[in-house]
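Enquirer: Take this structure first; my questions come after.
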Amino acid sequence: MPEINTDKVCFVIVKARELEAEDEGIRPDASNPSDDKFVSVLTEEGWSPNRRELVEFIEAMDDDEQAELVALCWVGRGDFTADDWDSAVIQAKERRKGPTSKYLLGIPLLASYLEAGLDEFDESCEGFEDDRQ
């Protein structure tokens, strides 16, 4: 079971959804629009206030929380099952090569994967209120 605070995951989900909303268009020549979801956000809008806030938030998490956030995304994406949680976290710690925020923001449909990951552990963002504003 993840030890990461559910409110922290929900905050990342909310901010990731805001980034998705900022991505006004997908390149017309893209072969798979869902795979290019964050293209314009990461390039043209790379330092929008939402992205900056999300990057700072993720980078302020400790190493264990960052690894668990990555592992939760992998569980939601189907790369690991909830039963493989410990292995997913270990692999997230070993494979990370650079800022976790950059890795996570490069994952298309990040918010959906994190929500699915929470669901695998019978957790949700229901009732979450962002009190950071």
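Residues are referred to by chain and number: the chain letter is A, B, ... according to the order shown in the structure tokens, the number counts from 1 in that chain, and ligands are numbered separately from 1 in the order shown.
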Which range 76-116 of chain A residues have any atom within 12 Å of an atom of range 45-59 of chain A, and for each, what is the nearest pair of atoms with distance in Å to one decimal, counting only C-alpha atoms, rows sorted by chain and number, as a tab-separated table?

Expert:
```
residue	atom	partner	partner_atom	distance
A:Gly98	CA	A:Glu59	CA	11.0
A:Pro99	CA	A:Glu59	CA	7.5
A:Thr100	CA	A:Glu59	CA	7.2
A:Ser101	CA	A:Val55	CA	5.4
A:Lys102	CA	A:Val55	CA	7.7
A:Tyr103	CA	A:Val55	CA	10.5
A:Leu104	CA	A:Ile58	CA	9.3
A:Leu105	CA	A:Val55	CA	8.5
A:Gly106	CA	A:Gly46	CA	11.5
```

Enquirer: Excluding Leu114 in chain A and its own-chain neighbours fewer than 4 positions away, which residues fall within 9 Å of it when counting only C-alpha atoms? Please give them as a ChimeraX atom specification.

Expert: /A:9-10,12-13,69-70,72-77,109-110,118-119

Enquirer: Store the residues picked out above in a file with N, CA, C and O atoms, as an mmCIF file, in the first residue's frame.

Expert:
```
data_model
loop_
_atom_site.group_PDB
_atom_site.id
_atom_site.type_symbol
_atom_site.label_atom_id
_atom_site.label_comp_id
_atom_site.auth_asym_id
_atom_site.auth_seq_id
_atom_site.Cartn_x
_atom_site.Cartn_y
_atom_site.Cartn_z
ATOM 1 N N VAL A 9 -1.151 13.372 -3.928
ATOM 2 C CA VAL A 9 -1.431 12.780 -5.236
ATOM 3 C C VAL A 9 -2.584 13.535 -5.899
ATOM 4 O O VAL A 9 -2.527 13.853 -7.091
ATOM 5 N N CYS A 10 -3.606 13.849 -5.136
ATOM 6 C CA CYS A 10 -4.767 14.560 -5.692
ATOM 7 C C CYS A 10 -4.374 15.948 -6.182
ATOM 8 O O CYS A 10 -4.861 16.406 -7.218
ATOM 9 N N VAL A 12 -1.455 16.765 -7.403
ATOM 10 C CA VAL A 12 -0.759 16.541 -8.672
ATOM 11 C C VAL A 12 -1.783 16.264 -9.777
ATOM 12 O O VAL A 12 -1.657 16.781 -10.894
ATOM 13 N N ILE A 13 -2.804 15.488 -9.476
ATOM 14 C CA ILE A 13 -3.846 15.190 -10.466
ATOM 15 C C ILE A 13 -4.545 16.468 -10.910
ATOM 16 O O ILE A 13 -4.727 16.710 -12.112
ATOM 17 N N LEU A 69 5.098 8.222 -6.288
ATOM 18 C CA LEU A 69 4.259 8.886 -7.287
ATOM 19 C C LEU A 69 4.475 8.256 -8.659
ATOM 20 O O LEU A 69 3.520 7.983 -9.391
ATOM 21 N N VAL A 70 5.723 8.004 -8.998
ATOM 22 C CA VAL A 70 6.034 7.336 -10.266
ATOM 23 C C VAL A 70 5.439 5.927 -10.266
ATOM 24 O O VAL A 70 4.791 5.512 -11.233
ATOM 25 N N LEU A 72 2.945 4.767 -8.575
ATOM 26 C CA LEU A 72 1.483 4.838 -8.638
ATOM 27 C C LEU A 72 1.010 5.060 -10.066
ATOM 28 O O LEU A 72 0.023 4.461 -10.514
ATOM 29 N N CYS A 73 1.728 5.883 -10.787
ATOM 30 C CA CYS A 73 1.414 6.101 -12.203
ATOM 31 C C CYS A 73 1.581 4.801 -12.974
ATOM 32 O O CYS A 73 0.741 4.452 -13.808
ATOM 33 N N TRP A 74 2.643 4.062 -12.703
ATOM 34 C CA TRP A 74 2.871 2.787 -13.387
ATOM 35 C C TRP A 74 1.776 1.779 -13.075
ATOM 36 O O TRP A 74 1.345 1.045 -13.956
ATOM 37 N N VAL A 75 1.320 1.753 -11.826
ATOM 38 C CA VAL A 75 0.222 0.847 -11.462
ATOM 39 C C VAL A 75 -1.037 1.237 -12.224
ATOM 40 O O VAL A 75 -1.722 0.395 -12.792
ATOM 41 N N GLY A 76 -1.322 2.530 -12.284
ATOM 42 C CA GLY A 76 -2.500 3.002 -13.007
ATOM 43 C C GLY A 76 -2.421 2.739 -14.495
ATOM 44 O O GLY A 76 -3.441 2.514 -15.156
ATOM 45 N N ARG A 77 -1.215 2.751 -15.025
ATOM 46 C CA ARG A 77 -1.011 2.506 -16.454
ATOM 47 C C ARG A 77 -1.025 1.019 -16.778
ATOM 48 O O ARG A 77 -1.106 0.623 -17.931
ATOM 49 N N LEU A 109 -1.508 11.640 -20.361
ATOM 50 C CA LEU A 109 -2.627 11.189 -19.527
ATOM 51 C C LEU A 109 -2.195 10.919 -18.085
ATOM 52 O O LEU A 109 -2.739 10.046 -17.418
ATOM 53 N N LEU A 110 -1.235 11.680 -17.603
ATOM 54 C CA LEU A 110 -0.712 11.505 -16.252
ATOM 55 C C LEU A 110 -1.823 11.492 -15.202
ATOM 56 O O LEU A 110 -1.868 10.604 -14.349
ATOM 57 N N LEU A 118 -4.640 5.222 -7.828
ATOM 58 C CA LEU A 118 -5.325 5.365 -6.542
ATOM 59 C C LEU A 118 -6.472 4.372 -6.429
ATOM 60 O O LEU A 118 -6.674 3.749 -5.389
ATOM 61 N N ASP A 119 -7.201 4.227 -7.513
ATOM 62 C CA ASP A 119 -8.343 3.320 -7.521
ATOM 63 C C ASP A 119 -7.919 1.880 -7.218
ATOM 64 O O ASP A 119 -8.640 1.142 -6.558
#
```

Enquirer: Could you tell me how far CA of Asp130 in chain A sits from CA of Phe11 in chain A, in Å to one decimal place?

Expert: 6.7 Å

Enquirer: Select, from A:Ala67, A:Val89, A:Ala111, A:Asp79, the residue with the minimum atom-to-atom distance to Glu18 in chain A, counting only C-alpha atoms.

Expert: A:Ala111

Enquirer: Please provide as a list in words all residues within 10 Å of Asp83 in chain A, with the sequence filter that same-chain residues fewer than 3 positions apart are discarded (counting only C-alpha atoms).

Expert: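 The filter keeps Met1, Val75, Phe80, Asp86, Ser87, Ala88, Glu120 and Phe121 of chain A.
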
Enquirer: Since we have the selection now, will you write its residues out, keeping N, CA and C atoms, as a PDB file, in the first residue's frame?

Expert:
```pdb
ATOM      1  N   MET A   1       0.837  -1.189   0.000  1.00  0.00           N
ATOM      2  CA  MET A   1       0.000   0.000   0.000  1.00  0.00           C
ATOM      3  C   MET A   1       0.878   1.248   0.000  1.00  0.00           C
ATOM      4  N   VAL A  75       1.320   1.753 -11.826  1.00  0.00           N
ATOM      5  CA  VAL A  75       0.222   0.847 -11.462  1.00  0.00           C
ATOM      6  C   VAL A  75      -1.037   1.237 -12.224  1.00  0.00           C
ATOM      7  N   PHE A  80       2.478  -2.352 -13.614  1.00  0.00           N
ATOM      8  CA  PHE A  80       2.578  -3.159 -12.400  1.00  0.00           C
ATOM      9  C   PHE A  80       1.172  -3.326 -11.847  1.00  0.00           C
ATOM     10  N   ASP A  86       5.682  -2.980  -3.980  1.00  0.00           N
ATOM     11  CA  ASP A  86       7.047  -2.818  -3.478  1.00  0.00           C
ATOM     12  C   ASP A  86       8.067  -2.880  -4.607  1.00  0.00           C
ATOM     13  N   SER A  87       7.853  -3.778  -5.554  1.00  0.00           N
ATOM     14  CA  SER A  87       8.760  -3.880  -6.710  1.00  0.00           C
ATOM     15  C   SER A  87       8.701  -2.628  -7.574  1.00  0.00           C
ATOM     16  N   ALA A  88       7.503  -2.090  -7.736  1.00  0.00           N
ATOM     17  CA  ALA A  88       7.342  -0.872  -8.539  1.00  0.00           C
ATOM     18  C   ALA A  88       8.093   0.292  -7.912  1.00  0.00           C
ATOM     19  N   GLU A 120      -6.735   1.497  -7.693  1.00  0.00           N
ATOM     20  CA  GLU A 120      -6.229   0.146  -7.426  1.00  0.00           C
ATOM     21  C   GLU A 120      -6.032  -0.101  -5.934  1.00  0.00           C
ATOM     22  N   PHE A 121      -5.870   0.975  -5.182  1.00  0.00           N
ATOM     23  CA  PHE A 121      -5.689   0.856  -3.728  1.00  0.00           C
ATOM     24  C   PHE A 121      -6.936   1.336  -2.975  1.00  0.00           C
TER      25      PHE A 121
END
```

Enquirer: Find the residues near Cys125 in chain A: any atom within 8 Å, counting only C-alpha atoms, skip ones fewer than 4 places away on the same chain, and give them as an mmCIF file with N, CA, C and O atoms, in the first residue's frame.

Expert:
```
data_model
loop_
_atom_site.group_PDB
_atom_site.id
_atom_site.type_symbol
_atom_site.label_atom_id
_atom_site.label_comp_id
_atom_site.auth_asym_id
_atom_site.auth_seq_id
_atom_site.Cartn_x
_atom_site.Cartn_y
_atom_site.Cartn_z
ATOM 1 N N THR A 6 -2.458 10.885 0.144
ATOM 2 C CA THR A 6 -3.433 10.944 -0.953
ATOM 3 C C THR A 6 -3.685 12.376 -1.389
ATOM 4 O O THR A 6 -3.864 12.641 -2.580
ATOM 5 N N ASP A 7 -3.684 13.314 -0.453
ATOM 6 C CA ASP A 7 -3.903 14.713 -0.828
ATOM 7 C C ASP A 7 -2.805 15.218 -1.763
ATOM 8 O O ASP A 7 -3.065 16.012 -2.662
ATOM 9 N N CYS A 10 -3.606 13.849 -5.136
ATOM 10 C CA CYS A 10 -4.767 14.560 -5.692
ATOM 11 C C CYS A 10 -4.374 15.948 -6.182
ATOM 12 O O CYS A 10 -4.861 16.406 -7.218
ATOM 13 N N GLU A 115 -5.046 8.651 -11.138
ATOM 14 C CA GLU A 115 -6.371 8.320 -10.602
ATOM 15 C C GLU A 115 -6.612 6.822 -10.633
ATOM 16 O O GLU A 115 -7.129 6.245 -9.674
#
```

Enquirer: CA of Tyr113 in chain A and CA of Ile4 in chain A are how many Å apart?

Expert: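 Between CA of Tyr113 in chain A and CA of Ile4 in chain A the gap is 15.7 Å.
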
Enquirer: Just checking: using only C-alpha atoms, which residue out of A:Ile107, A:Ala82, A:Ala92, A:Leu19 ends up closest to Gln66 in chain A?

Expert: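 That would be A:Ala92, the residue with the smallest distance to Gln66 in chain A.
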
Enquirer: Using only C-alpha atoms, pick whichever of A:Ala21, A:Asp122, A:Phe128, A:Asp84 has the shortest atom-to-atom distance to Lys8 in chain A.

Expert: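 Counting only C-alpha atoms, the residue closest to Lys8 in chain A is A:Phe128.
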
Enquirer: Report, in Å with one decimal, the straight-line distance from CA of Gln91 in chain A to CA of Glu126 in chain A.

Expert: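 Separation of CA of Gln91 in chain A and CA of Glu126 in chain A: 29.1 Å.
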